[in-house]
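Engineer: Input data_4.cif, format and content: mmCIF, N, CA and C atoms and all ligand atoms.
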data_model
#
loop_
_atom_site.label_atom_id
_atom_site.label_comp_id
_atom_site.auth_asym_id
_atom_site.auth_seq_id
_atom_site.Cartn_x
_atom_site.Cartn_y
_atom_site.Cartn_z
N MET U 9 33.25 -72.59 26.12
CA MET U 9 33.91 -71.32 25.81
C MET U 9 35.29 -71.59 25.20
N SER U 10 35.61 -70.91 24.12
CA SER U 10 36.91 -71.13 23.47
C SER U 10 38.03 -70.48 24.28
N ASP U 11 39.27 -70.85 23.96
CA ASP U 11 40.42 -70.25 24.64
C ASP U 11 40.45 -68.74 24.43
N LEU U 12 40.06 -68.33 23.21
CA LEU U 12 40.07 -66.90 22.90
C LEU U 12 39.05 -66.15 23.76
N ASP U 13 37.86 -66.74 23.91
CA ASP U 13 36.84 -66.12 24.77
C ASP U 13 37.36 -65.97 26.20
N THR U 14 38.06 -67.00 26.67
CA THR U 14 38.59 -66.97 28.03
C THR U 14 39.63 -65.86 28.15
N LEU U 15 40.51 -65.77 27.16
CA LEU U 15 41.55 -64.73 27.16
C LEU U 15 40.90 -63.35 27.16
N TYR U 16 39.91 -63.16 26.30
CA TYR U 16 39.24 -61.87 26.20
C TYR U 16 38.53 -61.51 27.50
N ARG U 17 37.89 -62.49 28.11
CA ARG U 17 37.21 -62.25 29.38
C ARG U 17 38.21 -61.80 30.45
N GLU U 18 39.37 -62.45 30.46
CA GLU U 18 40.40 -62.09 31.45
C GLU U 18 40.94 -60.68 31.20
N LEU U 19 41.09 -60.33 29.92
CA LEU U 19 41.58 -58.99 29.58
C LEU U 19 40.60 -57.92 30.07
N ILE U 20 39.30 -58.18 29.87
CA ILE U 20 38.28 -57.22 30.30
C ILE U 20 38.30 -57.08 31.82
N LEU U 21 38.39 -58.19 32.52
CA LEU U 21 38.43 -58.15 33.99
C LEU U 21 39.69 -57.44 34.47
N ASP U 22 40.82 -57.72 33.81
CA ASP U 22 42.08 -57.13 34.21
C ASP U 22 42.04 -55.60 34.06
N HIS U 23 41.52 -55.13 32.93
CA HIS U 23 41.42 -53.68 32.72
C HIS U 23 40.44 -53.04 33.69
N SER U 24 39.34 -53.73 34.00
CA SER U 24 38.37 -53.12 34.91
C SER U 24 38.91 -53.07 36.34
N LYS U 25 39.76 -54.03 36.69
CA LYS U 25 40.35 -54.02 38.04
C LYS U 25 41.55 -53.09 38.14
N HIS U 26 42.28 -52.95 37.03
CA HIS U 26 43.48 -52.10 37.02
C HIS U 26 43.37 -51.10 35.87
N PRO U 27 42.45 -50.15 36.00
CA PRO U 27 42.20 -49.24 34.87
C PRO U 27 43.41 -48.36 34.55
N GLN U 28 43.72 -48.26 33.25
CA GLN U 28 44.82 -47.43 32.77
C GLN U 28 44.33 -46.01 32.54
N HIS U 29 45.23 -45.05 32.83
CA HIS U 29 44.96 -43.62 32.59
C HIS U 29 43.76 -43.13 33.42
N PHE U 30 43.51 -43.77 34.54
CA PHE U 30 42.39 -43.38 35.41
C PHE U 30 42.82 -42.18 36.25
N GLY U 31 41.95 -41.19 36.37
CA GLY U 31 42.23 -39.96 37.10
C GLY U 31 42.46 -38.84 36.09
N LEU U 32 41.63 -37.81 36.14
CA LEU U 32 41.68 -36.76 35.12
C LEU U 32 42.95 -35.93 35.23
N ALA U 33 43.60 -35.69 34.08
CA ALA U 33 44.80 -34.85 34.03
C ALA U 33 44.42 -33.39 34.24
N ASP U 34 45.44 -32.56 34.55
CA ASP U 34 45.22 -31.12 34.70
C ASP U 34 44.64 -30.53 33.42
N GLU U 35 44.00 -29.38 33.58
CA GLU U 35 43.34 -28.76 32.43
C GLU U 35 44.26 -27.81 31.68
N ASP U 36 45.55 -28.10 31.66
CA ASP U 36 46.44 -27.17 30.95
C ASP U 36 46.49 -27.52 29.45
N GLY U 37 46.76 -26.50 28.63
CA GLY U 37 46.85 -26.71 27.18
C GLY U 37 45.48 -26.92 26.56
N ALA U 38 45.49 -27.31 25.27
CA ALA U 38 44.24 -27.55 24.55
C ALA U 38 43.62 -28.85 25.04
N HIS U 39 42.42 -28.76 25.56
CA HIS U 39 41.79 -29.97 26.09
C HIS U 39 40.27 -29.80 26.07
N ALA U 40 39.60 -30.91 26.18
CA ALA U 40 38.16 -30.87 26.38
C ALA U 40 37.76 -32.09 27.20
N THR U 41 36.70 -31.92 27.97
CA THR U 41 36.23 -32.99 28.84
C THR U 41 34.81 -33.34 28.43
N SER U 42 34.53 -34.63 28.37
CA SER U 42 33.19 -35.07 28.00
C SER U 42 32.64 -36.00 29.07
N HIS U 43 31.41 -35.76 29.45
CA HIS U 43 30.75 -36.62 30.43
C HIS U 43 29.64 -37.38 29.73
N GLN U 44 29.69 -38.70 29.81
CA GLN U 44 28.70 -39.53 29.13
C GLN U 44 28.08 -40.51 30.12
N LYS U 45 26.77 -40.74 29.94
CA LYS U 45 26.05 -41.67 30.82
C LYS U 45 25.35 -42.74 30.00
N ASN U 46 25.30 -43.90 30.55
CA ASN U 46 24.48 -44.97 29.96
C ASN U 46 23.46 -45.37 31.02
N PRO U 47 22.29 -44.70 31.01
CA PRO U 47 21.31 -44.92 32.08
C PRO U 47 20.78 -46.35 32.14
N VAL U 48 20.80 -47.03 31.01
CA VAL U 48 20.27 -48.40 30.97
C VAL U 48 21.04 -49.30 31.94
N CYS U 49 22.36 -49.08 32.01
CA CYS U 49 23.21 -49.94 32.83
C CYS U 49 23.73 -49.21 34.07
N GLY U 50 23.64 -47.87 34.07
CA GLY U 50 24.16 -47.10 35.20
C GLY U 50 25.63 -46.75 35.06
N ASP U 51 26.17 -46.82 33.85
CA ASP U 51 27.58 -46.48 33.64
C ASP U 51 27.76 -44.98 33.44
N GLU U 52 28.88 -44.47 33.96
CA GLU U 52 29.23 -43.07 33.73
C GLU U 52 30.72 -42.97 33.45
N ILE U 53 31.04 -42.11 32.49
CA ILE U 53 32.44 -41.87 32.14
C ILE U 53 32.64 -40.37 31.98
N THR U 54 33.67 -39.84 32.64
CA THR U 54 34.13 -38.49 32.36
C THR U 54 35.52 -38.63 31.76
N LEU U 55 35.67 -38.18 30.55
CA LEU U 55 36.93 -38.39 29.82
C LEU U 55 37.50 -37.05 29.38
N ARG U 56 38.80 -36.89 29.56
CA ARG U 56 39.47 -35.66 29.13
C ARG U 56 40.53 -35.98 28.08
N ALA U 57 40.44 -35.32 26.95
CA ALA U 57 41.46 -35.47 25.91
C ALA U 57 42.27 -34.18 25.86
N ARG U 58 43.60 -34.34 25.81
CA ARG U 58 44.46 -33.16 25.65
C ARG U 58 45.23 -33.31 24.33
N VAL U 59 45.29 -32.21 23.62
CA VAL U 59 45.91 -32.22 22.29
C VAL U 59 47.23 -31.46 22.36
N ALA U 60 48.26 -32.00 21.68
CA ALA U 60 49.59 -31.39 21.68
C ALA U 60 49.55 -30.04 20.97
N THR U 61 50.64 -29.28 21.08
CA THR U 61 50.67 -27.92 20.51
C THR U 61 50.57 -27.93 18.99
N ASP U 62 50.80 -29.09 18.34
CA ASP U 62 50.62 -29.15 16.89
C ASP U 62 49.14 -29.15 16.49
N GLY U 63 48.27 -29.25 17.49
CA GLY U 63 46.83 -29.21 17.23
C GLY U 63 46.25 -30.51 16.69
N GLN U 64 47.10 -31.50 16.46
CA GLN U 64 46.67 -32.75 15.82
C GLN U 64 46.86 -33.99 16.69
N THR U 65 48.00 -34.04 17.38
CA THR U 65 48.36 -35.26 18.10
C THR U 65 47.69 -35.31 19.48
N ILE U 66 47.12 -36.45 19.79
CA ILE U 66 46.49 -36.62 21.10
C ILE U 66 47.60 -36.82 22.13
N ARG U 67 47.72 -35.88 23.04
CA ARG U 67 48.79 -35.88 24.02
C ARG U 67 48.47 -36.86 25.14
N ASP U 68 47.28 -36.80 25.63
CA ASP U 68 46.86 -37.84 26.57
C ASP U 68 45.34 -37.92 26.68
N VAL U 69 44.93 -39.05 27.18
CA VAL U 69 43.50 -39.31 27.42
C VAL U 69 43.41 -39.83 28.84
N THR U 70 42.67 -39.12 29.66
CA THR U 70 42.47 -39.58 31.04
C THR U 70 40.98 -39.63 31.32
N TRP U 71 40.60 -40.37 32.32
CA TRP U 71 39.17 -40.55 32.55
C TRP U 71 38.90 -40.97 34.00
N GLU U 72 37.66 -40.78 34.38
CA GLU U 72 37.16 -41.32 35.65
C GLU U 72 35.78 -41.87 35.36
N GLY U 73 35.35 -42.81 36.14
CA GLY U 73 34.01 -43.33 35.88
C GLY U 73 33.63 -44.42 36.85
N SER U 74 32.41 -44.88 36.65
CA SER U 74 31.92 -46.00 37.45
C SER U 74 30.91 -46.76 36.60
N GLY U 75 30.72 -48.01 36.94
CA GLY U 75 29.76 -48.80 36.18
C GLY U 75 30.25 -50.21 35.99
N CYS U 76 29.69 -50.88 34.99
CA CYS U 76 29.99 -52.29 34.80
C CYS U 76 31.41 -52.49 34.27
N SER U 77 31.89 -53.71 34.36
CA SER U 77 33.28 -53.98 33.97
C SER U 77 33.52 -53.72 32.49
N ILE U 78 32.52 -53.93 31.65
CA ILE U 78 32.72 -53.67 30.22
C ILE U 78 32.95 -52.18 29.96
N SER U 79 32.14 -51.34 30.59
CA SER U 79 32.28 -49.90 30.36
C SER U 79 33.62 -49.38 30.88
N GLN U 80 34.04 -49.87 32.02
CA GLN U 80 35.28 -49.38 32.62
C GLN U 80 36.50 -49.93 31.87
N ALA U 81 36.44 -51.21 31.52
CA ALA U 81 37.55 -51.81 30.77
C ALA U 81 37.70 -51.14 29.42
N SER U 82 36.57 -50.83 28.78
CA SER U 82 36.60 -50.21 27.47
C SER U 82 37.29 -48.84 27.53
N ALA U 83 37.01 -48.06 28.58
CA ALA U 83 37.64 -46.75 28.75
C ALA U 83 39.15 -46.91 28.95
N SER U 84 39.52 -47.90 29.73
CA SER U 84 40.94 -48.17 29.99
C SER U 84 41.65 -48.57 28.70
N MET U 85 41.05 -49.46 27.94
CA MET U 85 41.65 -49.95 26.69
C MET U 85 41.77 -48.82 25.66
N LEU U 86 40.73 -48.02 25.55
CA LEU U 86 40.73 -46.93 24.58
C LEU U 86 41.81 -45.90 24.93
N SER U 87 41.93 -45.56 26.21
CA SER U 87 42.92 -44.56 26.62
C SER U 87 44.32 -45.01 26.25
N ASP U 88 44.61 -46.28 26.49
CA ASP U 88 45.91 -46.85 26.12
C ASP U 88 46.18 -46.68 24.63
N LEU U 89 45.14 -46.91 23.86
CA LEU U 89 45.24 -46.98 22.41
C LEU U 89 45.37 -45.60 21.77
N ALA U 90 44.64 -44.63 22.28
CA ALA U 90 44.47 -43.35 21.58
C ALA U 90 45.63 -42.38 21.79
N VAL U 91 46.38 -42.54 22.87
CA VAL U 91 47.47 -41.61 23.15
C VAL U 91 48.52 -41.69 22.05
N GLY U 92 48.89 -40.54 21.49
CA GLY U 92 49.90 -40.49 20.44
C GLY U 92 49.30 -40.54 19.03
N MET U 93 48.02 -40.85 18.94
CA MET U 93 47.37 -40.86 17.62
C MET U 93 47.08 -39.44 17.15
N SER U 94 46.91 -39.29 15.82
CA SER U 94 46.43 -38.01 15.30
C SER U 94 44.90 -38.00 15.43
N ARG U 95 44.33 -36.84 15.27
CA ARG U 95 42.86 -36.74 15.32
C ARG U 95 42.22 -37.64 14.26
N THR U 96 42.82 -37.65 13.06
CA THR U 96 42.28 -38.46 11.97
C THR U 96 42.32 -39.94 12.31
N GLU U 97 43.47 -40.38 12.84
CA GLU U 97 43.59 -41.80 13.21
C GLU U 97 42.56 -42.17 14.28
N ALA U 98 42.38 -41.28 15.23
CA ALA U 98 41.42 -41.57 16.31
C ALA U 98 40.00 -41.63 15.76
N ALA U 99 39.68 -40.74 14.82
CA ALA U 99 38.32 -40.73 14.23
C ALA U 99 38.06 -42.03 13.49
N GLU U 100 39.09 -42.52 12.77
CA GLU U 100 38.94 -43.79 12.04
C GLU U 100 38.80 -44.96 13.01
N LEU U 101 39.58 -44.90 14.08
CA LEU U 101 39.54 -45.94 15.11
C LEU U 101 38.13 -46.04 15.72
N ILE U 102 37.57 -44.87 16.06
CA ILE U 102 36.25 -44.83 16.69
C ILE U 102 35.18 -45.31 15.70
N ALA U 103 35.28 -44.86 14.44
CA ALA U 103 34.29 -45.26 13.43
C ALA U 103 34.30 -46.78 13.23
N GLY U 104 35.49 -47.36 13.18
CA GLY U 104 35.62 -48.80 12.98
C GLY U 104 35.09 -49.59 14.17
N PHE U 105 35.34 -49.05 15.36
CA PHE U 105 34.86 -49.69 16.58
C PHE U 105 33.33 -49.69 16.62
N ARG U 106 32.75 -48.54 16.27
CA ARG U 106 31.28 -48.41 16.27
C ARG U 106 30.65 -49.39 15.26
N GLU U 107 31.26 -49.46 14.08
CA GLU U 107 30.75 -50.34 13.03
C GLU U 107 30.78 -51.80 13.51
N ALA U 108 31.89 -52.20 14.11
CA ALA U 108 32.03 -53.59 14.57
C ALA U 108 31.06 -53.89 15.71
N LEU U 109 30.93 -52.94 16.65
CA LEU U 109 30.06 -53.18 17.81
C LEU U 109 28.58 -53.23 17.42
N ARG U 110 28.25 -52.55 16.32
CA ARG U 110 26.85 -52.56 15.86
C ARG U 110 26.58 -53.68 14.86
N SER U 111 27.58 -54.52 14.60
CA SER U 111 27.46 -55.51 13.53
C SER U 111 26.81 -56.82 14.00
N ARG U 112 26.41 -56.89 15.25
CA ARG U 112 25.80 -58.11 15.81
C ARG U 112 26.68 -59.33 15.58
N GLY U 113 27.97 -59.15 15.79
CA GLY U 113 28.89 -60.28 15.70
C GLY U 113 29.42 -60.56 14.31
N GLN U 114 29.04 -59.73 13.32
CA GLN U 114 29.47 -59.97 11.93
C GLN U 114 30.89 -59.47 11.68
N ILE U 115 31.27 -58.37 12.33
CA ILE U 115 32.60 -57.79 12.11
C ILE U 115 33.44 -57.96 13.38
N GLU U 116 34.65 -58.52 13.23
CA GLU U 116 35.54 -58.68 14.37
C GLU U 116 36.54 -57.53 14.40
N LEU U 117 36.89 -57.12 15.60
CA LEU U 117 37.90 -56.07 15.75
C LEU U 117 39.29 -56.69 15.55
N ASP U 118 40.08 -56.05 14.70
CA ASP U 118 41.42 -56.53 14.38
C ASP U 118 42.36 -56.23 15.56
N GLU U 119 42.97 -57.28 16.08
CA GLU U 119 43.84 -57.11 17.24
C GLU U 119 45.05 -56.23 16.93
N ASP U 120 45.52 -56.25 15.67
CA ASP U 120 46.67 -55.42 15.30
C ASP U 120 46.33 -53.94 15.40
N VAL U 121 45.08 -53.61 15.18
CA VAL U 121 44.64 -52.22 15.22
C VAL U 121 44.12 -51.86 16.61
N TYR U 122 43.35 -52.76 17.19
CA TYR U 122 42.63 -52.43 18.43
C TYR U 122 43.29 -52.92 19.71
N GLY U 123 44.36 -53.68 19.59
CA GLY U 123 45.08 -54.13 20.79
C GLY U 123 44.14 -54.84 21.76
N ASP U 124 44.27 -54.51 23.04
CA ASP U 124 43.43 -55.15 24.06
C ASP U 124 41.94 -54.92 23.80
N ALA U 125 41.60 -53.81 23.17
CA ALA U 125 40.18 -53.49 22.92
C ALA U 125 39.52 -54.50 21.97
N ALA U 126 40.34 -55.28 21.24
CA ALA U 126 39.78 -56.35 20.41
C ALA U 126 39.01 -57.35 21.26
N ALA U 127 39.31 -57.37 22.55
CA ALA U 127 38.60 -58.26 23.48
C ALA U 127 37.12 -57.91 23.57
N LEU U 128 36.75 -56.71 23.12
CA LEU U 128 35.34 -56.28 23.20
C LEU U 128 34.53 -56.75 22.00
N THR U 129 35.18 -57.42 21.06
CA THR U 129 34.49 -57.93 19.88
C THR U 129 33.20 -58.66 20.21
N GLY U 130 33.26 -59.56 21.18
CA GLY U 130 32.11 -60.40 21.52
C GLY U 130 30.91 -59.63 22.03
N VAL U 131 31.14 -58.40 22.51
CA VAL U 131 30.05 -57.58 23.04
C VAL U 131 29.01 -57.29 21.96
N SER U 132 29.45 -57.27 20.69
CA SER U 132 28.52 -56.90 19.61
C SER U 132 27.38 -57.90 19.46
N LYS U 133 27.55 -59.09 20.05
CA LYS U 133 26.46 -60.08 19.98
C LYS U 133 25.39 -59.81 21.03
N PHE U 134 25.67 -58.90 21.96
CA PHE U 134 24.73 -58.62 23.05
C PHE U 134 24.32 -57.15 22.96
N SER U 135 23.24 -56.88 22.23
CA SER U 135 22.90 -55.50 21.92
C SER U 135 22.72 -54.65 23.18
N ALA U 136 22.29 -55.26 24.28
CA ALA U 136 22.09 -54.50 25.51
C ALA U 136 23.41 -53.97 26.08
N ARG U 137 24.53 -54.59 25.72
CA ARG U 137 25.82 -54.18 26.28
C ARG U 137 26.63 -53.29 25.34
N VAL U 138 26.15 -53.09 24.11
CA VAL U 138 26.91 -52.31 23.15
C VAL U 138 27.15 -50.89 23.67
N LYS U 139 26.12 -50.31 24.30
CA LYS U 139 26.28 -48.95 24.83
C LYS U 139 27.34 -48.89 25.92
N CYS U 140 27.45 -49.94 26.72
CA CYS U 140 28.48 -50.01 27.76
C CYS U 140 29.86 -49.88 27.13
N ALA U 141 30.08 -50.65 26.09
CA ALA U 141 31.39 -50.68 25.43
C ALA U 141 31.65 -49.39 24.67
N MET U 142 30.59 -48.76 24.13
CA MET U 142 30.75 -47.55 23.30
C MET U 142 30.97 -46.28 24.12
N LEU U 143 30.59 -46.30 25.38
CA LEU U 143 30.49 -45.07 26.17
C LEU U 143 31.76 -44.21 26.12
N ALA U 144 32.91 -44.81 26.41
CA ALA U 144 34.17 -44.06 26.43
C ALA U 144 34.54 -43.55 25.03
N TRP U 145 34.18 -44.33 24.02
CA TRP U 145 34.53 -43.98 22.64
C TRP U 145 33.71 -42.78 22.20
N VAL U 146 32.44 -42.74 22.60
CA VAL U 146 31.60 -41.58 22.33
C VAL U 146 32.15 -40.35 23.07
N ALA U 147 32.63 -40.57 24.29
CA ALA U 147 33.19 -39.48 25.09
C ALA U 147 34.45 -38.92 24.42
N LEU U 148 35.30 -39.80 23.90
CA LEU U 148 36.52 -39.32 23.23
C LEU U 148 36.17 -38.55 21.95
N GLU U 149 35.23 -39.07 21.20
CA GLU U 149 34.79 -38.41 19.97
C GLU U 149 34.28 -37.01 20.28
N ASP U 150 33.47 -36.92 21.32
CA ASP U 150 32.89 -35.64 21.73
C ASP U 150 33.99 -34.68 22.21
N ALA U 151 34.92 -35.20 23.03
CA ALA U 151 35.99 -34.35 23.56
C ALA U 151 36.88 -33.83 22.43
N LEU U 152 37.23 -34.71 21.50
CA LEU U 152 38.13 -34.29 20.42
C LEU U 152 37.48 -33.25 19.51
N ALA U 153 36.17 -33.33 19.38
CA ALA U 153 35.46 -32.35 18.55
C ALA U 153 35.56 -30.95 19.15
N ARG U 154 35.82 -30.90 20.46
CA ARG U 154 35.85 -29.60 21.14
C ARG U 154 37.23 -29.20 21.65
N ALA U 155 38.22 -30.11 21.59
CA ALA U 155 39.54 -29.82 22.16
C ALA U 155 40.38 -28.97 21.21
ZN ZN U 201 27.38 -51.22 31.48
#
Using the file provided, produce a representation of the structure as structure tokens.
Ligand code: ZN

Structural biologist:
Amino acid sequence: MSDLDTLYRELILDHSKHPQHFGLADEDGAHATSHQKNPVCGDEITLRARVATDGQTIRDVTWEGSGCSISQASASMLSDLAVGMSRTEAAELIAGFREALRSRGQIELDEDVYGDAAALTGVSKFSARVKCAMLAWVALEDALARA
């Protein structure tokens, strides 16, 4: 295993043990909540996105869930990343993540753009785990479409 693989593995474990933005925020203001399940692995994520009064900026992303470390770490990493983004930026972020995760290891996530979530790059080589990593991102996409 390369040093980078080791670092990425530690990042995933760290986020799954110390999830960021865990615990759903109050339902005040413009918001939407999305519940997503990955029955194959038993992962569940409930994610709430709140949008600022400008109607564009993501004010916060909070979530609760259970399941494997990849699904939980991914939700934690995404929440960190998405807060403060515009809807457009978040849509591009999600589209790029989906493309990379479905690339079977061909496309790497850029650490400058994806931060800690770049650690999920390696998941794209394991098609059975792609849904685990995608779950929170699908939930955010769904929530933003309705918030
Ligand atoms: Zn899973």

Engineer: Find the residues around His23 in chain U up to 8 Å (only C-alpha atoms counted), leave out those fewer than 3 positions away in its own chain, and share them as an MDAnalysis selection string.

Structural biologist: chainID U and resid 19:20 26:28 80:82 84:85

Engineer: Would you name the residues within 8 Å of ligand ZN 201 (chain U), counting only C-alpha atoms and all ligand atoms, and put them as a PyMOL selection string?

Structural biologist: chain U and resi 46+48-51+75-79+137+139-141

Engineer: DSSP on the backbone: which residues in range 64-149 of chain U end up as alpha helix (DSSP H)? Give the answer as a ChimeraX atom specification.

Structural biologist: /U:77-90,95-109,119-122,135-149

Engineer: Using only N, CA and C atoms, can you tell me which of U:Ala151, U:Val146, U:Ile53, U:Leu117 comes closest to Ile102 in chain U?

Structural biologist: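 Selected residue with least distance to Ile102 in chain U: U:Val146.
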
Engineer: If we count only N, CA and C atoms and set the cut-off at 6.5 Å, which residues sit around Val59 in chain U, ignoring sequence neighbours fewer than 6 positions away in its own chain? Please answer as a list of chain:residue names.

Structural biologist: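 Neighbouring residues, sequence-local ones excluded: U:Gly37, U:Ala38, U:His39, U:Ala40, U:Thr65, U:Ile66, U:Arg67, U:Asp68, U:Ala155.
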